[in-house]
Every structure is written in structure tokens, then in C-alpha cells.
$ cat query.txt   # compact mmCIF, C-alpha atoms
# COMPACT_ATOMS: atom_id res chain seq x y z
CA ILE B 250 0.00 0.00 0.00
CA THR B 251 1.48 3.34 -1.09
CA GLU B 252 0.50 6.98 -1.41
CA LYS B 253 -1.00 6.17 -4.81
CA ASP B 254 -3.66 3.91 -3.31
CA THR B 255 -7.14 4.46 -1.93
CA VAL B 256 -7.85 2.17 1.01
CA TYR B 257 -11.24 1.51 2.60
CA GLU B 258 -11.46 0.31 6.17
CA ILE B 259 -14.68 -1.27 7.42
CA GLY B 260 -15.33 -0.77 11.13
CA PRO B 261 -12.18 1.08 12.22
CA GLY B 262 -13.31 1.07 15.87
CA TYR B 263 -10.65 2.92 17.86
CA GLY B 264 -8.51 3.61 14.81
CA ILE B 265 -5.56 1.30 15.50
CA ILE B 266 -5.36 0.01 11.93
CA THR B 267 -6.36 3.42 10.59
CA HIS B 268 -3.21 4.98 12.06
CA SER B 269 -1.02 2.37 10.39
CA LEU B 270 -2.77 2.84 7.06
CA ALA B 271 -2.31 6.62 7.34
CA LYS B 272 1.45 6.13 7.70
CA THR B 273 1.59 4.61 4.20
CA GLY B 274 0.51 7.95 2.72
CA ALA B 275 -2.49 6.33 1.07
CA SER B 276 -5.89 7.98 0.93
CA VAL B 277 -7.86 6.23 3.68
CA VAL B 278 -11.63 6.10 3.99
CA ALA B 279 -12.70 4.71 7.38
CA ILE B 280 -16.37 3.69 7.53
CA GLU B 281 -17.76 3.48 11.06
CA LEU B 282 -21.39 2.71 11.92
CA ASP B 283 -21.22 3.43 15.66
CA ARG B 284 -21.94 7.13 16.21
CA ASP B 285 -19.80 7.53 19.34
CA LEU B 286 -16.79 5.84 17.75
CA TYR B 287 -17.32 7.94 14.63
CA LYS B 288 -17.10 11.13 16.69
CA LYS B 289 -13.93 9.98 18.45
CA LEU B 290 -12.34 8.99 15.14
CA THR B 291 -13.25 12.33 13.58
CA GLU B 292 -11.47 14.12 16.41
CA GLU B 293 -8.54 11.70 16.29
CA PHE B 294 -7.87 12.30 12.59
CA THR B 295 -8.80 15.98 12.32
CA ASN B 296 -5.30 16.91 11.15
CA LYS B 297 -4.90 13.95 8.79
CA LYS B 298 -5.98 15.34 5.43
CA ARG B 299 -5.77 11.99 3.66
CA VAL B 300 -7.93 10.19 6.24
CA ASN B 301 -11.67 10.56 5.77
CA VAL B 302 -13.93 9.17 8.48
CA ARG B 303 -17.47 8.39 7.32
CA HIS B 304 -20.47 7.67 9.53
CA ALA B 305 -22.18 4.99 7.45
CA ASN B 306 -23.10 1.34 7.05
CA ALA B 307 -20.35 -0.35 5.04
CA LEU B 308 -22.88 -2.73 3.51
CA THR B 309 -24.96 0.06 1.97
CA TYR B 310 -22.19 2.62 1.43
CA SER B 311 -21.84 4.01 -2.11
CA TYR B 312 -18.30 3.03 -3.07
CA PRO B 313 -16.75 4.66 -6.15
CA LYS B 314 -17.06 2.58 -9.30
CA GLU B 315 -14.35 4.16 -11.45
CA GLU B 316 -11.17 4.25 -9.34
CA GLU B 317 -9.28 1.14 -8.21
CA ILE B 318 -9.63 0.57 -4.46
CA ILE B 319 -8.20 -1.62 -1.70
CA PHE B 320 -9.82 -2.91 1.48
CA PHE B 321 -7.93 -3.40 4.73
CA SER B 322 -10.08 -4.16 7.76
CA ASN B 323 -10.56 -6.10 10.94
CA ILE B 324 -14.09 -6.97 9.87
CA PRO B 325 -16.99 -7.59 12.28
CA PHE B 326 -17.13 -11.38 12.44
CA ASN B 327 -20.93 -11.52 12.81
CA ILE B 328 -21.45 -10.07 9.31
CA THR B 329 -18.51 -11.68 7.52
CA ALA B 330 -20.70 -13.28 4.85
CA GLU B 331 -22.48 -10.01 4.04
CA ILE B 332 -19.20 -8.08 3.83
CA MET B 333 -17.54 -10.70 1.62
CA THR B 334 -20.53 -10.77 -0.73
CA LYS B 335 -20.50 -6.98 -0.99
CA VAL B 336 -16.76 -6.56 -1.52
CA LEU B 337 -16.19 -9.54 -3.83
CA SER B 338 -18.98 -8.39 -6.12
CA MET B 339 -17.27 -5.05 -6.80
CA ASN B 340 -15.48 -4.79 -10.14
CA ASN B 341 -12.87 -2.21 -9.14
CA VAL B 342 -11.31 -3.87 -6.06
CA SER B 343 -7.70 -4.90 -6.60
CA ASP B 344 -6.69 -6.19 -3.16
CA ILE B 345 -8.49 -7.15 0.03
CA TYR B 346 -6.79 -7.60 3.41
CA PHE B 347 -9.23 -8.88 6.05
CA VAL B 348 -8.61 -9.92 9.62
CA MET B 349 -11.19 -12.70 9.83
CA GLN B 350 -12.00 -16.08 11.32
CA TYR B 351 -10.03 -18.97 9.84
CA GLU B 352 -13.15 -21.13 9.41
CA ALA B 353 -14.90 -18.39 7.43
CA PHE B 354 -11.85 -17.94 5.20
CA LEU B 355 -11.87 -21.65 4.30
CA LYS B 356 -15.37 -21.40 2.81
CA TYR B 357 -14.23 -18.72 0.38
CA ALA B 358 -10.71 -20.00 -0.33
CA GLY B 359 -11.40 -23.69 -0.89
CA ALA B 360 -8.35 -25.64 -2.11
CA PRO B 361 -5.54 -25.93 -1.16
CA PHE B 362 -6.74 -24.97 2.34
CA TYR B 363 -10.00 -26.90 2.25
CA GLN B 364 -12.25 -28.78 -0.17
CA GLU B 365 -14.06 -26.67 -2.73
CA CYS B 366 -17.60 -25.55 -1.99
CA TYR B 367 -20.16 -23.36 -3.71
CA LYS B 368 -18.73 -20.11 -2.32
CA SER B 369 -15.11 -20.88 -3.18
CA LEU B 370 -16.03 -22.01 -6.70
CA ILE B 371 -18.09 -18.88 -7.35
CA TYR B 372 -15.14 -16.55 -6.72
CA LYS B 373 -12.21 -18.68 -7.87
CA PRO B 374 -12.21 -17.45 -11.52
CA LEU B 375 -11.65 -13.89 -10.27
CA TYR B 376 -9.58 -14.06 -7.07
CA ASP B 377 -6.52 -15.69 -5.52
CA MET B 378 -6.65 -16.13 -1.75
CA GLU B 379 -3.90 -16.70 0.79
CA ILE B 380 -3.19 -16.50 4.51
CA ILE B 381 -0.39 -14.06 5.25
CA HIS B 382 -0.52 -14.12 9.06
CA GLU B 383 -2.11 -16.13 11.84
CA PHE B 384 -2.72 -14.29 15.09
CA GLN B 385 -2.30 -15.62 18.61
CA PRO B 386 -5.29 -15.42 20.98
CA SER B 387 -3.22 -13.13 23.20
CA ASP B 388 -3.09 -10.57 20.36
CA PHE B 389 -6.71 -9.64 21.17
CA ARG B 390 -8.60 -8.37 24.17
CA PRO B 391 -10.70 -10.24 25.07
CA LYS B 392 -9.10 -13.43 23.77
CA PRO B 393 -11.20 -15.00 21.00
CA ASN B 394 -12.17 -18.67 20.97
CA ALA B 395 -11.80 -18.90 17.19
CA ARG B 396 -8.61 -18.93 15.09
CA ILE B 397 -8.00 -15.49 13.58
CA ILE B 398 -5.97 -14.86 10.44
CA LEU B 399 -5.05 -12.02 8.11
CA ALA B 400 -6.26 -13.03 4.65
CA HIS B 401 -5.09 -11.51 1.39
CA ILE B 402 -7.56 -11.73 -1.48
CA CYS B 403 -6.06 -10.56 -4.77
CA LYS B 404 -7.98 -9.83 -7.95
CA LYS B 405 -6.64 -11.80 -10.91
CA LYS B 406 -5.49 -9.79 -13.92
CA LYS B 407 -8.37 -11.23 -15.92
CA SER B 408 -11.25 -13.62 -15.40
CA GLU B 409 -10.30 -17.22 -16.09
CA ILE B 410 -13.56 -17.72 -17.96
CA GLY B 411 -13.62 -14.45 -19.89
CA ASP B 412 -17.05 -12.95 -20.38
CA ASN B 413 -18.84 -16.13 -19.30
CA LEU B 414 -18.80 -15.44 -15.57
CA GLN B 415 -22.58 -15.16 -15.21
CA ALA B 416 -23.19 -18.35 -17.20
CA TYR B 417 -20.63 -20.13 -14.98
CA ARG B 418 -22.30 -18.90 -11.79
CA ASP B 419 -25.73 -19.86 -13.10
CA LEU B 420 -24.47 -23.38 -13.82
CA LEU B 421 -22.96 -23.75 -10.33
CA SER B 422 -26.10 -22.36 -8.68
CA PHE B 423 -28.34 -24.68 -10.68
CA VAL B 424 -26.29 -27.79 -9.95
CA PHE B 425 -25.89 -27.08 -6.23
CA SER B 426 -29.64 -26.38 -5.94
CA GLU B 427 -30.67 -29.64 -7.59
CA SER B 428 -31.75 -32.61 -5.47
CA GLY B 429 -29.36 -35.46 -4.81
CA ALA B 430 -25.65 -35.44 -4.10
CA THR B 431 -23.87 -37.13 -6.98
CA PHE B 432 -22.81 -35.70 -10.32
CA LYS B 433 -25.28 -38.03 -12.03
CA GLN B 434 -28.19 -36.85 -9.89
CA LYS B 435 -27.41 -33.15 -9.90
CA THR B 436 -26.69 -32.75 -13.63
CA LYS B 437 -29.27 -35.13 -15.13
CA ARG B 438 -31.51 -32.26 -16.25
CA ILE B 439 -28.61 -30.60 -18.11
CA PHE B 440 -26.49 -33.40 -19.56
CA THR B 441 -27.57 -36.62 -21.24
CA TYR B 442 -26.32 -39.86 -19.69
CA GLU B 443 -23.75 -40.21 -22.47
CA GLN B 444 -22.54 -36.64 -21.88
CA GLN B 445 -22.27 -37.32 -18.15
CA LYS B 446 -20.11 -40.39 -18.78
CA ARG B 447 -17.93 -38.51 -21.26
CA ILE B 448 -17.38 -35.61 -18.85
CA CYS B 449 -16.56 -37.94 -15.97
CA LYS B 450 -13.98 -39.68 -18.14
CA LEU B 451 -12.39 -36.29 -18.91
CA ILE B 452 -12.17 -35.28 -15.25
CA GLY B 453 -11.21 -38.73 -13.98
CA ALA B 454 -14.23 -39.15 -11.74
CA SER B 455 -17.09 -41.58 -11.33
CA ILE B 456 -20.57 -40.59 -12.41
CA ASP B 457 -21.60 -41.25 -8.80
CA THR B 458 -18.98 -38.88 -7.37
CA ASN B 459 -20.37 -36.38 -4.88
CA VAL B 460 -20.22 -32.90 -6.48
CA THR B 461 -18.59 -31.49 -3.32
CA SER B 462 -15.55 -33.68 -4.12
CA LEU B 463 -14.96 -32.08 -7.51
CA THR B 464 -12.01 -29.73 -7.94
CA TYR B 465 -12.02 -26.27 -9.48
CA ALA B 466 -10.24 -27.72 -12.54
CA ASN B 467 -13.02 -30.32 -12.79
CA TRP B 468 -15.63 -27.56 -12.81
CA MET B 469 -13.77 -25.70 -15.55
CA THR B 470 -14.00 -28.85 -17.71
CA ILE B 471 -17.68 -29.32 -16.83
CA PHE B 472 -18.42 -25.70 -17.69
CA ASP B 473 -16.56 -25.94 -21.00
CA SER B 474 -18.61 -29.03 -21.91
CA TYR B 475 -21.78 -27.21 -20.91
CA LEU B 476 -20.98 -24.28 -23.21
CA ARG B 477 -20.01 -26.51 -26.12
CA TYR B 478 -22.51 -29.34 -26.10
CA VAL B 479 -25.68 -28.37 -24.23
CA GLY B 480 -28.58 -27.07 -26.33
CA GLN B 481 -30.30 -23.75 -25.74
CA GLU B 482 -33.46 -25.36 -24.37
CA LYS B 483 -31.55 -26.89 -21.48
CA LYS B 484 -29.45 -23.75 -21.02
CA ASN B 485 -32.71 -21.89 -20.48
CA LEU B 486 -33.30 -24.08 -17.41
CA VAL B 487 -30.01 -22.82 -15.98
CA LEU B 488 -30.44 -19.17 -16.96
CA GLY B 489 -30.95 -16.93 -13.91
CA ALA B 490 -30.24 -19.71 -11.38
CA SER B 491 -27.67 -17.56 -9.54
CA LYS B 492 -30.17 -14.75 -8.98
CA LYS B 493 -32.84 -17.21 -7.80
CA LEU B 494 -30.43 -18.79 -5.31
CA ILE B 495 -29.38 -15.40 -3.93
CA GLN B 496 -33.04 -14.42 -3.48
CA GLU B 497 -33.80 -17.71 -1.72
CA GLN B 498 -30.80 -17.32 0.60
CA SER B 499 -31.86 -13.74 1.36
CA ARG B 500 -35.36 -14.96 2.23
CA LEU B 501 -34.00 -17.68 4.52
CA ASN B 502 -31.59 -15.22 6.22
CA LYS B 503 -34.46 -12.81 6.86
CA LEU B 504 -36.59 -15.62 8.27
CA HIS B 505 -33.68 -16.69 10.50
CA ARG B 506 -33.18 -13.12 11.78
CA ASN B 507 -36.89 -12.74 12.53
CA ARG B 508 -36.93 -16.00 14.48
CA ASN B 509 -33.91 -14.92 16.52
CA ALA B 510 -35.54 -11.55 17.20
CA ARG B 511 -38.70 -13.26 18.48
CA ARG B 512 -36.65 -15.53 20.73
CA SER B 513 -34.79 -12.51 22.14
CA ASN B 514 -38.09 -10.81 22.96
$ encode --input "query.txt" --output "C-alpha cells"
Amino acid sequence: ITEKDTVYEIGPGYGIITHSLAKTGASVVAIELDRDLYKKLTEEFTNKKRVNVRHANALTYSYPKEEEIIFFSNIPFNITAEIMTKVLSMNNVSDIYFVMQYEAFLKYAGAPFYQECYKSLIYKPLYDMEIIHEFQPSDFRPKPNARIILAHICKKKKSEIGDNLQAYRDLLSFVFSESGATFKQKTKRIFTYEQQKRICKLIGASIDTNVTSLTYANWMTIFDSYLRYVGQEKKNLVLGASKKLIQEQSRLNKLHRNRNARRSN
């Protein structure tokens, strides 16, 4: 991070990371939702012209769409999924540095840290992910029960599937939403039996392999076969599957929040 960069910090709290970011000479935008902390931060950085403290919700904040930006934050662990979805969907983010829970990182990073899953496969064509530091519990007050790491998420120079990102995400969403567990069961409405066998031969897997066991490279082969050999009628079944899945997950999350609210009352 240099003076040429614009860095966004989500939830700066008492400004510990903010001070370090300011020392790089970068333009820093610290977004704090808590009003009292916002006031303290504003006073703290009054004389720092390149540090802008904003009282806002990072999930609904209007980030610039033209300039290249970086994120560096100790993110609130209770909204990790929402933050990751927001940030990873932005087209102009070059680098992301998040202090986050190790278990949450695994879901987005997949291999070589963990087996691939829907979330890791969705973002893999666009991002490389690595762990650059693991904290000790004594680094925090109070000490956390979970493992905490500093993750670096770097935007690839270009998408590994070109302009077909939405079609790829629709295919993944469709397959993971289908009933069953095996490749045969979950892709039977897209591929013919002969196509299924041919694809499995290409990827070196059984037709009864669980889709959660497939690698990212396997999915690239499956997607290539889908683009090449599946007719438009079947592709229409897949079209929009990503949007439908997001809407369904949003509905379930809202239902879950409402249930928790009722229990609290």
C-alpha cells in the first residue's frame, strides 16, 4: 500500500489500523457505523488530510465505481458473509486484506486450504486467496475462541472464464440447488447420460462422485462441456439460477433473523 492507493477500512473502531494505514501515505476512507466511535475517530484524525472518516453502514455505502480501491479491515465477524458478498462483487477492487476467522476464510478460499464448496467455486475465476498471518489469541482483548488470520484476497489480472462469468455462476447455482448429491443426480436435467459419462472420463471421476468432491479444474471442464454441447433449451433451465439462489438465501436469512428476534423478545 502506497501513497498512490485508496484504502477503505470497514469498522475502524478505535482507529488502531487506521493509524497504520495513514502512515503509508495512502488515501484512507474509514467507515464506522457506531456514532460515538465515529465522533472519536473524527477528532482523532482531524489533522490527517488523507484520512476521511465516514459515519455509514459499510454494507450500503456508495463506493466509487471508477477508481481502483483496496480494502484493509478487521471486519466484524458476525457479518462476515455479508461483507464478503459486498466486496467480492465489486469490479474495481484490486486487493483485500481482512482480519477474519479462519473457518470463514476456508469457505471462500477452498483448495488448497479446504475442499471446494459453492462459495469458493463462485469466486475462484476472479480471485486468488492466501493466509499471510495467523494471530495468537493473546493478540486480542478479550481473547477469542476462534482462530483469527489475516487473509489476502487478490484480484486476478483477468477472469479465467472471460465474459462467461454469469453463465458459470448460473451453472454452479443450478447444480448445487438440484436434489441429490452425486454428479449423475445433480446434472441429469442438463447433460444426457452419455454426456455425463464422457465428462466424468475427462475429469477422472465416477458418475456417482459427490459434487462437493470435484475440484475447481473439474468444474472448468464441466463448464466448457456445458458451453459446447448443451442445447439452448436446457441452457434456459439454468439461466438466472444464480439470482434465484441469492433471493432464496436472502429470504432464509431474513426468516432466520426474525426467528432470533422473536426468541430474544
$ atom_distance --input "query.txt" --atom1 "atom CA of Gln415 of chain B" --atom2 "atom CA of Ser491 of chain B"
8.0 Å
$ residues_around --input "query.txt" --residues "Ser426 of chain B" --least-positions-apart "3" --cutoff "9 Å" --atoms "all atoms listed in the file" --output "PyMOL selection string"
chain B and resi 421-423+435+490+494
$ closest_residue --input "query.txt" --among "B:Tyr357, B:Tyr372, B:Tyr257, B:Phe384" --to "Val342 of chain B" --atoms "all atoms listed in the file"
B:Tyr257
$ residues_around --input "query.txt" --residues "Asn341 of chain B" --least-positions-apart "3" --cutoff "7 Å" --atoms "all atoms listed in the file" --output "count of residues only"
5
$ closest_residue --input "query.txt" --among "B:Glu281, B:Glu352, B:Glu365, B:Glu252" --to "Tyr465 of chain B" --atoms "all atoms listed in the file"
B:Glu365
$ atom_distance --input "query.txt" --atom1 "atom CA of Pro361 of chain B" --atom2 "atom CA of Lys404 of chain B"
17.6 Å
$ closest_residue --input "query.txt" --among "B:Arg500, B:Arg284, B:Lys368, B:Lys272" --to "Leu337 of chain B" --atoms "all atoms listed in the file"
B:Lys368
$ residues_around --input "query.txt" --residues "segment 304-308 of chain B" --least-positions-apart "2" --cutoff "12 Å" --atoms "only C-alpha atoms" --output "PyMOL selection string"
chain B and resi 257-262+278-291+301-302+310-312+320+322+324-325+328-336+338-339
$ axis_aligned_box --input "query.txt" --around "segment 430-448 of chain B" --padding-each-side "3 Å" --output "JSON"
{"center_x": -24.4, "center_y": -35.5, "center_z": -13.3, "size_x": 20.1, "size_y": 15.8, "size_z": 24.4}
$ closest_residue --input "query.txt" --among "B:Ala466, B:Cys449, B:Asn327, B:Phe321" --to "Ala400 of chain B" --atoms "all atoms listed in the file"
B:Phe321
$ residues_around --input "query.txt" --residues "Leu488 of chain B" --least-positions-apart "4" --cutoff "10 Å" --atoms "only C-alpha atoms" --output "list in words"
Gln415, Ala416, Arg418, Asp419, Leu420, Ser422, Phe423, Gln481, Lys483, Lys484, Lys492 and Lys493 of chain B
$ residues_around --input "query.txt" --residues "Asp457 of chain B" --least-positions-apart "6" --cutoff "10 Å" --atoms "all atoms listed in the file" --output "list in words"
Ala430, Thr431, Phe432, Lys433, Gln434 and Cys449 of chain B
$ atom_distance --input "query.txt" --atom1 "atom CA of Glu427 of chain B" --atom2 "atom CA of Val460 of chain B"
11.0 Å
$ closest_residue --input "query.txt" --among "B:Ser462, B:Thr251, B:Thr436, B:Asn394" --to "Ala360 of chain B" --atoms "all atoms listed in the file"
B:Ser462
$ closest_residue --input "query.txt" --among "B:Leu414, B:Ile265, B:Leu463, B:Met349" --to "Ile402 of chain B" --atoms "all atoms listed in the file"
B:Met349
